[in-house]
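Heads up, query22.cif below (mmCIF, C-alpha atoms):
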```cif
data_my_file
loop_
_atom_site.group_PDB
_atom_site.id
_atom_site.type_symbol
_atom_site.label_atom_id
_atom_site.label_comp_id
_atom_site.auth_asym_id
_atom_site.auth_seq_id
_atom_site.Cartn_x
_atom_site.Cartn_y
_atom_site.Cartn_z
ATOM 1 C CA MET Q 382 2.918 -10.226 -38.773
ATOM 2 C CA GLU Q 383 4.679 -12.851 -36.708
ATOM 3 C CA TYR Q 384 4.506 -16.484 -37.786
ATOM 4 C CA ALA Q 385 5.041 -19.553 -35.647
ATOM 5 C CA VAL Q 386 4.912 -23.268 -36.178
ATOM 6 C CA LEU Q 387 1.977 -24.782 -34.312
ATOM 7 C CA SER Q 388 2.542 -27.767 -32.150
ATOM 8 C CA PRO Q 389 0.188 -30.691 -32.777
ATOM 9 C CA ASP Q 390 -1.182 -30.207 -29.247
ATOM 10 C CA THR Q 391 -2.012 -26.556 -29.886
ATOM 11 C CA GLN Q 392 -3.745 -27.398 -33.144
ATOM 12 C CA LYS Q 393 -5.716 -30.178 -31.441
ATOM 13 C CA THR Q 394 -6.752 -27.911 -28.558
ATOM 14 C CA PHE Q 395 -7.762 -25.176 -30.997
ATOM 15 C CA GLN Q 396 -10.014 -27.566 -32.919
ATOM 16 C CA GLU Q 397 -11.434 -28.963 -29.678
ATOM 17 C CA ILE Q 398 -12.352 -25.466 -28.460
ATOM 18 C CA GLN Q 399 -14.015 -24.649 -31.776
ATOM 19 C CA GLN Q 400 -16.099 -27.838 -31.574
ATOM 20 C CA ARG Q 401 -17.089 -27.082 -27.999
ATOM 21 C CA ILE Q 402 -18.110 -23.556 -29.002
ATOM 22 C CA ARG Q 403 -20.335 -24.905 -31.785
ATOM 23 C CA ARG Q 404 -22.095 -27.093 -29.219
ATOM 24 C CA LEU Q 405 -22.955 -23.914 -27.283
ATOM 25 C CA GLN Q 406 -24.834 -22.492 -30.256
ATOM 26 C CA ASN Q 407 -27.965 -20.648 -29.217
ATOM 27 C CA TRP Q 408 -30.348 -20.181 -32.120
ATOM 28 C CA GLY Q 409 -32.599 -18.014 -29.953
ATOM 29 C CA SER Q 410 -29.813 -15.454 -29.471
ATOM 30 C CA ILE Q 411 -29.029 -15.446 -33.177
ATOM 31 C CA ALA Q 412 -32.728 -15.004 -34.050
ATOM 32 C CA SER Q 413 -32.981 -12.114 -31.577
ATOM 33 C CA LEU Q 414 -29.989 -10.389 -33.142
ATOM 34 C CA LYS Q 415 -31.496 -10.792 -36.597
ATOM 35 C CA ASN Q 416 -34.873 -9.446 -35.397
ATOM 36 C CA LEU Q 417 -33.092 -6.357 -34.073
ATOM 37 C CA GLY Q 418 -31.298 -5.925 -37.386
ATOM 38 C CA LEU Q 419 -27.915 -6.588 -35.816
ATOM 39 C CA PRO Q 420 -25.196 -8.599 -37.560
ATOM 40 C CA SER Q 421 -25.138 -12.214 -36.467
ATOM 41 C CA GLY Q 422 -22.433 -13.613 -38.734
ATOM 42 C CA ASN Q 423 -19.224 -14.951 -37.204
ATOM 43 C CA GLN Q 424 -20.927 -15.914 -33.963
ATOM 44 C CA VAL Q 425 -22.999 -18.745 -32.562
ATOM 45 C CA GLY Q 426 -24.797 -16.837 -29.827
ATOM 46 C CA ALA Q 427 -23.080 -18.559 -26.890
ATOM 47 C CA SER Q 428 -23.448 -16.793 -23.555
ATOM 48 C CA PHE Q 429 -20.468 -15.230 -21.835
ATOM 49 C CA VAL Q 430 -21.018 -17.477 -18.806
ATOM 50 C CA SER Q 431 -20.780 -20.591 -21.011
ATOM 51 C CA LEU Q 432 -17.649 -19.266 -22.699
ATOM 52 C CA LYS Q 433 -16.005 -18.408 -19.403
ATOM 53 C CA GLN Q 434 -16.748 -21.884 -18.114
ATOM 54 C CA LEU Q 435 -15.322 -23.405 -21.298
ATOM 55 C CA ALA Q 436 -12.156 -21.289 -21.048
ATOM 56 C CA SER Q 437 -11.631 -22.359 -17.435
ATOM 57 C CA SER Q 438 -10.887 -25.868 -18.743
ATOM 58 C CA TYR Q 439 -7.679 -24.597 -20.370
ATOM 59 C CA SER Q 440 -4.466 -22.963 -19.181
ATOM 60 C CA PRO Q 441 -3.324 -19.585 -20.486
ATOM 61 C CA ASP Q 442 -1.480 -20.069 -23.766
ATOM 62 C CA GLU Q 443 -0.316 -17.232 -25.989
ATOM 63 C CA GLN Q 444 -0.174 -19.242 -29.193
ATOM 64 C CA LEU Q 445 -3.631 -20.737 -28.643
ATOM 65 C CA ALA Q 446 -5.095 -17.345 -27.704
ATOM 66 C CA PHE Q 447 -3.709 -15.740 -30.861
ATOM 67 C CA LEU Q 448 -4.962 -18.619 -32.981
ATOM 68 C CA LEU Q 449 -8.454 -18.236 -31.520
ATOM 69 C CA TRP Q 450 -8.350 -14.452 -31.874
ATOM 70 C CA ASN Q 451 -7.366 -14.575 -35.520
ATOM 71 C CA THR Q 452 -10.538 -16.476 -36.446
ATOM 72 C CA GLN Q 453 -12.270 -13.076 -36.072
ATOM 73 C CA LYS Q 454 -15.281 -14.776 -34.521
ATOM 74 C CA ARG Q 455 -16.996 -13.479 -31.391
ATOM 75 C CA GLU Q 456 -16.835 -16.567 -29.212
ATOM 76 C CA GLU Q 457 -13.260 -17.475 -30.138
ATOM 77 C CA GLN Q 458 -12.103 -13.942 -29.404
ATOM 78 C CA ILE Q 459 -13.822 -13.900 -26.012
ATOM 79 C CA ILE Q 460 -12.120 -17.164 -25.072
ATOM 80 C CA ALA Q 461 -8.829 -15.759 -26.369
ATOM 81 C CA CYS Q 462 -9.200 -12.825 -23.941
ATOM 82 C CA LEU Q 463 -9.516 -15.328 -21.110
ATOM 83 C CA LEU Q 464 -6.551 -17.440 -22.271
ATOM 84 C CA LEU Q 465 -4.000 -14.678 -22.813
ATOM 85 C CA PRO Q 466 -1.056 -15.106 -20.440
ATOM 86 C CA LYS Q 467 -0.178 -12.116 -18.271
ATOM 87 C CA LYS Q 468 3.175 -11.457 -19.940
ATOM 88 C CA ILE Q 469 2.687 -10.333 -23.528
ATOM 89 C CA ASN Q 470 4.470 -7.357 -25.015
ATOM 90 C CA LYS Q 471 2.667 -4.183 -26.025
ATOM 91 C CA GLU Q 472 3.301 -4.671 -29.742
ATOM 92 C CA LYS Q 473 1.576 -8.058 -29.780
ATOM 93 C CA ILE Q 474 -1.475 -6.746 -27.933
ATOM 94 C CA THR Q 475 -1.645 -3.740 -30.256
ATOM 95 C CA GLN Q 476 -1.460 -6.096 -33.230
ATOM 96 C CA LEU Q 477 -4.179 -8.255 -31.698
ATOM 97 C CA ILE Q 478 -6.715 -5.444 -31.243
ATOM 98 C CA GLN Q 479 -6.463 -4.592 -34.955
ATOM 99 C CA ASN Q 480 -8.576 -7.690 -35.713
ATOM 100 C CA CYS Q 481 -11.184 -7.190 -33.017
ATOM 101 C CA TYR Q 482 -14.633 -8.586 -33.861
ATOM 102 C CA ASN Q 483 -16.756 -5.907 -32.174
ATOM 103 C CA PHE Q 484 -17.103 -3.485 -29.263
ATOM 104 C CA GLU Q 485 -18.203 -6.243 -26.885
ATOM 105 C CA VAL Q 486 -14.955 -8.138 -27.478
ATOM 106 C CA ALA Q 487 -12.918 -4.927 -27.098
ATOM 107 C CA GLU Q 488 -14.497 -4.487 -23.657
ATOM 108 C CA TYR Q 489 -13.639 -8.078 -22.745
ATOM 109 C CA LEU Q 490 -10.031 -7.531 -23.809
ATOM 110 C CA GLY Q 491 -9.866 -4.514 -21.514
ATOM 111 C CA SER Q 492 -11.670 -6.240 -18.650
ATOM 112 C CA PHE Q 493 -9.875 -9.577 -18.679
ATOM 113 C CA PHE Q 494 -6.399 -8.791 -19.896
ATOM 114 C CA LEU Q 495 -5.433 -5.168 -20.331
ATOM 115 C CA TYR Q 496 -6.545 -3.984 -16.855
ATOM 116 C CA ASN Q 497 -3.552 -5.778 -15.338
ATOM 117 C CA PHE Q 498 -1.020 -4.881 -18.035
ATOM 118 C CA GLU Q 499 2.225 -3.658 -16.487
ATOM 119 C CA LYS Q 500 2.416 -0.618 -18.783
ATOM 120 C CA LEU Q 501 -1.269 0.256 -18.548
ATOM 121 C CA THR Q 502 -0.760 4.034 -18.522
ATOM 122 C CA GLU Q 503 1.458 3.880 -21.598
ATOM 123 C CA ILE Q 504 -0.792 1.619 -23.641
ATOM 124 C CA ALA Q 505 -3.979 3.398 -22.538
ATOM 125 C CA THR Q 506 -2.536 6.755 -23.603
ATOM 126 C CA GLU Q 507 -1.529 5.386 -27.012
ATOM 127 C CA TRP Q 508 -4.832 3.604 -27.595
ATOM 128 C CA ILE Q 509 -6.968 6.562 -26.501
ATOM 129 C CA ASN Q 510 -5.025 8.830 -28.881
ATOM 130 C CA SER Q 511 -5.253 6.308 -31.724
ATOM 131 C CA GLU Q 512 -8.722 7.470 -32.870
ATOM 132 C CA LYS Q 513 -9.553 3.751 -33.261
ATOM 133 C CA PRO Q 514 -12.792 3.016 -31.397
ATOM 134 C CA TYR Q 515 -11.977 -0.596 -30.426
ATOM 135 C CA MET Q 516 -8.658 0.486 -28.952
ATOM 136 C CA GLN Q 517 -10.330 3.357 -27.093
ATOM 137 C CA ILE Q 518 -13.033 1.066 -25.685
ATOM 138 C CA ALA Q 519 -10.472 -1.497 -24.510
ATOM 139 C CA ALA Q 520 -8.375 1.228 -22.857
ATOM 140 C CA LEU Q 521 -11.352 2.850 -21.091
ATOM 141 C CA THR Q 522 -12.650 -0.499 -19.844
ATOM 142 C CA ALA Q 523 -9.192 -1.596 -18.698
ATOM 143 C CA CYS Q 524 -8.583 1.597 -16.732
ATOM 144 C CA ALA Q 525 -12.022 1.483 -15.101
ATOM 145 C CA ARG Q 526 -11.568 -2.143 -14.024
ATOM 146 C CA HIS Q 527 -8.036 -1.472 -12.831
ATOM 147 C CA LEU Q 528 -9.215 1.317 -10.531
ATOM 148 C CA ILE Q 529 -11.971 -0.900 -9.141
ATOM 149 C CA LEU Q 530 -9.695 -3.865 -8.444
ATOM 150 C CA PHE Q 531 -6.627 -1.974 -7.255
ATOM 151 C CA LYS Q 532 -8.267 0.747 -5.151
ATOM 152 C CA SER Q 533 -5.522 0.897 -2.550
ATOM 153 C CA GLN Q 534 -2.544 0.930 -4.950
ATOM 154 C CA PRO Q 535 -3.581 1.672 -8.530
ATOM 155 C CA ALA Q 536 -0.961 1.942 -11.267
ATOM 156 C CA ILE Q 537 -2.965 4.783 -12.830
ATOM 157 C CA SER Q 538 -4.178 7.919 -11.117
ATOM 158 C CA LYS Q 539 -7.777 8.971 -10.780
ATOM 159 C CA ASP Q 540 -6.845 12.216 -12.570
ATOM 160 C CA PHE Q 541 -5.504 10.207 -15.508
ATOM 161 C CA PHE Q 542 -8.756 8.251 -15.697
ATOM 162 C CA ASN Q 543 -10.816 11.413 -15.281
ATOM 163 C CA ASN Q 544 -9.042 12.905 -18.313
ATOM 164 C CA LEU Q 545 -9.781 9.741 -20.316
ATOM 165 C CA ILE Q 546 -13.502 9.747 -19.578
ATOM 166 C CA HIS Q 547 -13.822 13.453 -20.370
ATOM 167 C CA ASN Q 548 -11.951 13.212 -23.660
ATOM 168 C CA ASP Q 549 -13.772 14.403 -26.787
ATOM 169 C CA TYR Q 550 -14.335 11.102 -28.619
ATOM 170 C CA LYS Q 551 -15.623 11.036 -32.191
ATOM 171 C CA ASP Q 552 -17.267 7.599 -32.123
ATOM 172 C CA LYS Q 553 -20.717 7.548 -30.518
ATOM 173 C CA TYR Q 554 -20.238 4.200 -28.794
ATOM 174 C CA VAL Q 555 -16.938 5.342 -27.289
ATOM 175 C CA GLN Q 556 -18.738 8.470 -26.053
ATOM 176 C CA LEU Q 557 -21.384 6.282 -24.391
ATOM 177 C CA VAL Q 558 -18.765 4.128 -22.666
ATOM 178 C CA ALA Q 559 -16.880 7.207 -21.445
ATOM 179 C CA ARG Q 560 -20.151 8.629 -20.022
ATOM 180 C CA ARG Q 561 -20.877 5.301 -18.310
ATOM 181 C CA TYR Q 562 -17.665 5.661 -16.276
ATOM 182 C CA ARG Q 563 -18.267 9.271 -15.215
#
```
Using structure tokens, write down the structure that the file contains.
Amino acid sequence: MEYAVLSPDTQKTFQEIQQRIRRLQNWGSIASLKNLGLPSGNQVGASFVSLKQLASSYSPDEQLAFLLWNTQKREEQIIACLLLPKKINKEKITQLIQNCYNFEVAEYLGSFFLYNFEKLTEIATEWINSEKPYMQIAALTACARHLILFKSQPAISKDFFNNLIHNDYKDKYVQLVARRYR
């Protein structure tokens, strides 16, 4: 685990974001989750659109993104995905995914950060072979989004992606996501 001294500005921004997230609390969403028997702890039920709008008020910042991520709360992790700077090494991203809140956040990490990672093939191969569902979900989502956005010059081949989506996954949710991309 890497430790860093927080600047007063980073700490202030972190606390400001947390306060703004609390103001987005949606009791209706939380009640719906509870009615469905789904876990509702560590989240306030804020919509993705609201979180994306909130994140757009801030510049990418690695230290802030990691601070938000490490709260292990849904909304903070989604905002962290949106605030990660483009240049982060593979080890830090791999460390980050270890504390992922849920599958939804893993998909956001793939969709908003990992899809444009310079070593996408390398990290996707490692994460798919990891047998860790959150890593597999992030890798599948990242590769799918990459192929959509970079149709003319993708960094990964369609054959590579085809192998990923036809892999024999053990986790049922990962199987569903793989089928969705077929």
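Using the PyMOL selection byres ((chain Q and resi 431) around 12) on this structure selects Arg401, Ile402, Arg403, Arg404, Leu405, Gln406, Asn407, Val425, Gly426, Ala427, Ser428, Phe429, Val430, Leu432, Lys433, Gln434, Leu435, Ala436, Ser437, Ser438, Glu456, Ile459 and Ile460 of chain Q.
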Residues within 8 Å of Gln458 of chain Q, please, as a ChimeraX atom specification. Count only C-alpha atoms; anything in the same chain fewer than 2 positions from it doesn't count. /Q:446,449-456,460-462,481-482,486
Could you expand the PyMOL selection byres ((chain Q and resi 533-549) around 8) into the explicit residues it covers here, written as number ranges by chain? Q: 501-502, 509, 521, 524-525, 527-528, 531-532, 550-551, 556, 559-560, 562-563
Would you kindly translate the PyMOL selection byres ((chain Q and resi 467) around 10) into the concrete residues it picks from this file, as a ChimeraX atom specification? /Q:441-443,464-466,468-470,494-495,497-499
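Interatomic distance, atom CA of Ile518 of chain Q against atom CA of Leu445 of chain Q: 23.9 Å.
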Atomic distance atom CA of Ala520 of chain Q - atom CA of Ile504 of chain Q, expressed in Å with one decimal: 7.6 Å
Exercise: residues within 12 Å of coordinate (-4.8, 2.9, -29.4), counting only C-alpha atoms, as a VMD selection string: chain Q and resid 471 to 472 474 to 479 487 491 501 to 521
I need the residues from that last selection saved to file as a short mmCIF file (atom, residue, chain, number, x, y, z; two decimals), in the coordinates of the input (with C-alpha atoms), if you can.
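The new file out-v3.cif reads:
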```
data_model
loop_
_atom_site.label_atom_id
_atom_site.label_comp_id
_atom_site.auth_asym_id
_atom_site.auth_seq_id
_atom_site.Cartn_x
_atom_site.Cartn_y
_atom_site.Cartn_z
CA LYS Q 471 2.67 -4.18 -26.02
CA GLU Q 472 3.30 -4.67 -29.74
CA ILE Q 474 -1.48 -6.75 -27.93
CA THR Q 475 -1.64 -3.74 -30.26
CA GLN Q 476 -1.46 -6.10 -33.23
CA LEU Q 477 -4.18 -8.26 -31.70
CA ILE Q 478 -6.72 -5.44 -31.24
CA GLN Q 479 -6.46 -4.59 -34.96
CA ALA Q 487 -12.92 -4.93 -27.10
CA GLY Q 491 -9.87 -4.51 -21.51
CA LEU Q 501 -1.27 0.26 -18.55
CA THR Q 502 -0.76 4.03 -18.52
CA GLU Q 503 1.46 3.88 -21.60
CA ILE Q 504 -0.79 1.62 -23.64
CA ALA Q 505 -3.98 3.40 -22.54
CA THR Q 506 -2.54 6.76 -23.60
CA GLU Q 507 -1.53 5.39 -27.01
CA TRP Q 508 -4.83 3.60 -27.60
CA ILE Q 509 -6.97 6.56 -26.50
CA ASN Q 510 -5.03 8.83 -28.88
CA SER Q 511 -5.25 6.31 -31.72
CA GLU Q 512 -8.72 7.47 -32.87
CA LYS Q 513 -9.55 3.75 -33.26
CA PRO Q 514 -12.79 3.02 -31.40
CA TYR Q 515 -11.98 -0.60 -30.43
CA MET Q 516 -8.66 0.49 -28.95
CA GLN Q 517 -10.33 3.36 -27.09
CA ILE Q 518 -13.03 1.07 -25.68
CA ALA Q 519 -10.47 -1.50 -24.51
CA ALA Q 520 -8.38 1.23 -22.86
CA LEU Q 521 -11.35 2.85 -21.09
#
```
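A straight line drawn from atom CA of Ser492 of chain Q to atom CA of Ile398 of chain Q is 21.6 Å long.
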As JSON: centre and edge lengths in Å, one decimal, of the axis-aligned box holding segment 517-531 of chain Q with 4 Å per side:
```
{"center_x": -9.8, "center_y": -0.3, "center_z": -17.2, "size_x": 14.4, "size_y": 15.2, "size_z": 27.8}
```
Could you add the missing atoms to segment 389-400 of chain Q, up to all heavy atoms, and return them as an mmCIF file, in the coordinates of the input?
```
data_model
loop_
_atom_site.group_PDB
_atom_site.id
_atom_site.type_symbol
_atom_site.label_atom_id
_atom_site.label_comp_id
_atom_site.auth_asym_id
_atom_site.auth_seq_id
_atom_site.Cartn_x
_atom_site.Cartn_y
_atom_site.Cartn_z
ATOM 1 N N PRO Q 389 1.392 -29.868 -32.575
ATOM 2 C CA PRO Q 389 0.188 -30.691 -32.777
ATOM 3 C C PRO Q 389 -0.805 -30.557 -31.620
ATOM 4 O O PRO Q 389 -2.014 -30.580 -31.824
ATOM 5 C CB PRO Q 389 0.738 -32.117 -32.873
ATOM 6 C CG PRO Q 389 2.154 -31.949 -33.302
ATOM 7 C CD PRO Q 389 2.618 -30.654 -32.698
ATOM 8 N N ASP Q 390 -0.296 -30.368 -30.405
ATOM 9 C CA ASP Q 390 -1.182 -30.207 -29.247
ATOM 10 C C ASP Q 390 -1.974 -28.913 -29.331
ATOM 11 O O ASP Q 390 -3.166 -28.884 -29.019
ATOM 12 C CB ASP Q 390 -0.373 -30.228 -27.941
ATOM 13 C CG ASP Q 390 0.167 -31.611 -27.617
ATOM 14 O OD1 ASP Q 390 -0.362 -32.609 -28.157
ATOM 15 O OD2 ASP Q 390 1.120 -31.694 -26.825
ATOM 16 N N THR Q 391 -1.327 -27.839 -29.755
ATOM 17 C CA THR Q 391 -2.012 -26.556 -29.886
ATOM 18 C C THR Q 391 -3.092 -26.643 -30.951
ATOM 19 O O THR Q 391 -4.215 -26.168 -30.746
ATOM 20 C CB THR Q 391 -1.008 -25.421 -30.219
ATOM 21 O OG1 THR Q 391 -0.032 -25.349 -29.188
ATOM 22 C CG2 THR Q 391 -1.713 -24.085 -30.355
ATOM 23 N N GLN Q 392 -2.767 -27.241 -32.066
ATOM 24 C CA GLN Q 392 -3.745 -27.398 -33.144
ATOM 25 C C GLN Q 392 -4.938 -28.234 -32.670
ATOM 26 O O GLN Q 392 -6.087 -27.888 -32.934
ATOM 27 C CB GLN Q 392 -3.093 -28.053 -34.370
ATOM 28 C CG GLN Q 392 -4.018 -28.220 -35.555
ATOM 29 C CD GLN Q 392 -4.446 -26.894 -36.173
ATOM 30 O OE1 GLN Q 392 -3.724 -25.913 -36.138
ATOM 31 N NE2 GLN Q 392 -5.640 -26.866 -36.731
ATOM 32 N N LYS Q 393 -4.658 -29.306 -31.945
ATOM 33 C CA LYS Q 393 -5.716 -30.178 -31.441
ATOM 34 C C LYS Q 393 -6.607 -29.426 -30.440
ATOM 35 O O LYS Q 393 -7.835 -29.521 -30.501
ATOM 36 C CB LYS Q 393 -5.094 -31.406 -30.776
ATOM 37 C CG LYS Q 393 -6.099 -32.395 -30.241
ATOM 38 C CD LYS Q 393 -5.403 -33.558 -29.567
ATOM 39 C CE LYS Q 393 -6.432 -34.443 -28.885
ATOM 40 N NZ LYS Q 393 -5.817 -35.424 -28.018
ATOM 41 N N THR Q 394 -5.996 -28.676 -29.548
ATOM 42 C CA THR Q 394 -6.752 -27.911 -28.558
ATOM 43 C C THR Q 394 -7.592 -26.842 -29.238
ATOM 44 O O THR Q 394 -8.758 -26.628 -28.875
ATOM 45 C CB THR Q 394 -5.796 -27.266 -27.531
ATOM 46 O OG1 THR Q 394 -5.001 -28.287 -26.934
ATOM 47 C CG2 THR Q 394 -6.565 -26.525 -26.456
ATOM 48 N N PHE Q 395 -7.036 -26.185 -30.227
ATOM 49 C CA PHE Q 395 -7.762 -25.176 -30.997
ATOM 50 C C PHE Q 395 -9.025 -25.783 -31.625
ATOM 51 O O PHE Q 395 -10.126 -25.237 -31.492
ATOM 52 C CB PHE Q 395 -6.835 -24.594 -32.075
ATOM 53 C CG PHE Q 395 -7.513 -23.708 -33.084
ATOM 54 C CD1 PHE Q 395 -7.995 -22.466 -32.722
ATOM 55 C CD2 PHE Q 395 -7.656 -24.121 -34.397
ATOM 56 C CE1 PHE Q 395 -8.612 -21.643 -33.654
ATOM 57 C CE2 PHE Q 395 -8.274 -23.322 -35.339
ATOM 58 C CZ PHE Q 395 -8.755 -22.070 -34.961
ATOM 59 N N GLN Q 396 -8.872 -26.907 -32.286
ATOM 60 C CA GLN Q 396 -10.014 -27.566 -32.919
ATOM 61 C C GLN Q 396 -11.034 -28.045 -31.889
ATOM 62 O O GLN Q 396 -12.244 -27.949 -32.097
ATOM 63 C CB GLN Q 396 -9.534 -28.728 -33.794
ATOM 64 C CG GLN Q 396 -8.789 -28.254 -35.017
ATOM 65 C CD GLN Q 396 -8.088 -29.375 -35.772
ATOM 66 O OE1 GLN Q 396 -7.824 -30.438 -35.224
ATOM 67 N NE2 GLN Q 396 -7.786 -29.119 -37.046
ATOM 68 N N GLU Q 397 -10.549 -28.516 -30.758
ATOM 69 C CA GLU Q 397 -11.434 -28.963 -29.678
ATOM 70 C C GLU Q 397 -12.278 -27.798 -29.153
ATOM 71 O O GLU Q 397 -13.487 -27.931 -28.948
ATOM 72 C CB GLU Q 397 -10.581 -29.548 -28.554
ATOM 73 C CG GLU Q 397 -11.347 -29.989 -27.332
ATOM 74 C CD GLU Q 397 -10.385 -30.498 -26.255
ATOM 75 O OE1 GLU Q 397 -9.649 -31.467 -26.526
ATOM 76 O OE2 GLU Q 397 -10.380 -29.913 -25.159
ATOM 77 N N ILE Q 398 -11.632 -26.653 -28.946
ATOM 78 C CA ILE Q 398 -12.352 -25.466 -28.460
ATOM 79 C C ILE Q 398 -13.400 -25.042 -29.477
ATOM 80 O O ILE Q 398 -14.542 -24.722 -29.117
ATOM 81 C CB ILE Q 398 -11.377 -24.317 -28.125
ATOM 82 C CG1 ILE Q 398 -10.576 -24.675 -26.868
ATOM 83 C CG2 ILE Q 398 -12.132 -23.004 -27.930
ATOM 84 C CD1 ILE Q 398 -9.460 -23.709 -26.549
ATOM 85 N N GLN Q 399 -13.047 -25.036 -30.744
ATOM 86 C CA GLN Q 399 -14.015 -24.649 -31.776
ATOM 87 C C GLN Q 399 -15.224 -25.591 -31.776
ATOM 88 O O GLN Q 399 -16.358 -25.135 -31.919
ATOM 89 C CB GLN Q 399 -13.357 -24.618 -33.152
ATOM 90 C CG GLN Q 399 -12.458 -23.412 -33.334
ATOM 91 C CD GLN Q 399 -12.042 -23.252 -34.763
ATOM 92 O OE1 GLN Q 399 -11.508 -24.177 -35.376
ATOM 93 N NE2 GLN Q 399 -12.282 -22.073 -35.308
ATOM 94 N N GLN Q 400 -14.992 -26.876 -31.628
ATOM 95 C CA GLN Q 400 -16.099 -27.838 -31.574
ATOM 96 C C GLN Q 400 -16.968 -27.593 -30.350
ATOM 97 O O GLN Q 400 -18.200 -27.630 -30.434
ATOM 98 C CB GLN Q 400 -15.566 -29.283 -31.561
ATOM 99 C CG GLN Q 400 -14.991 -29.724 -32.869
ATOM 100 C CD GLN Q 400 -14.299 -31.085 -32.759
ATOM 101 O OE1 GLN Q 400 -14.069 -31.609 -31.672
ATOM 102 N NE2 GLN Q 400 -13.952 -31.647 -33.913
#
```
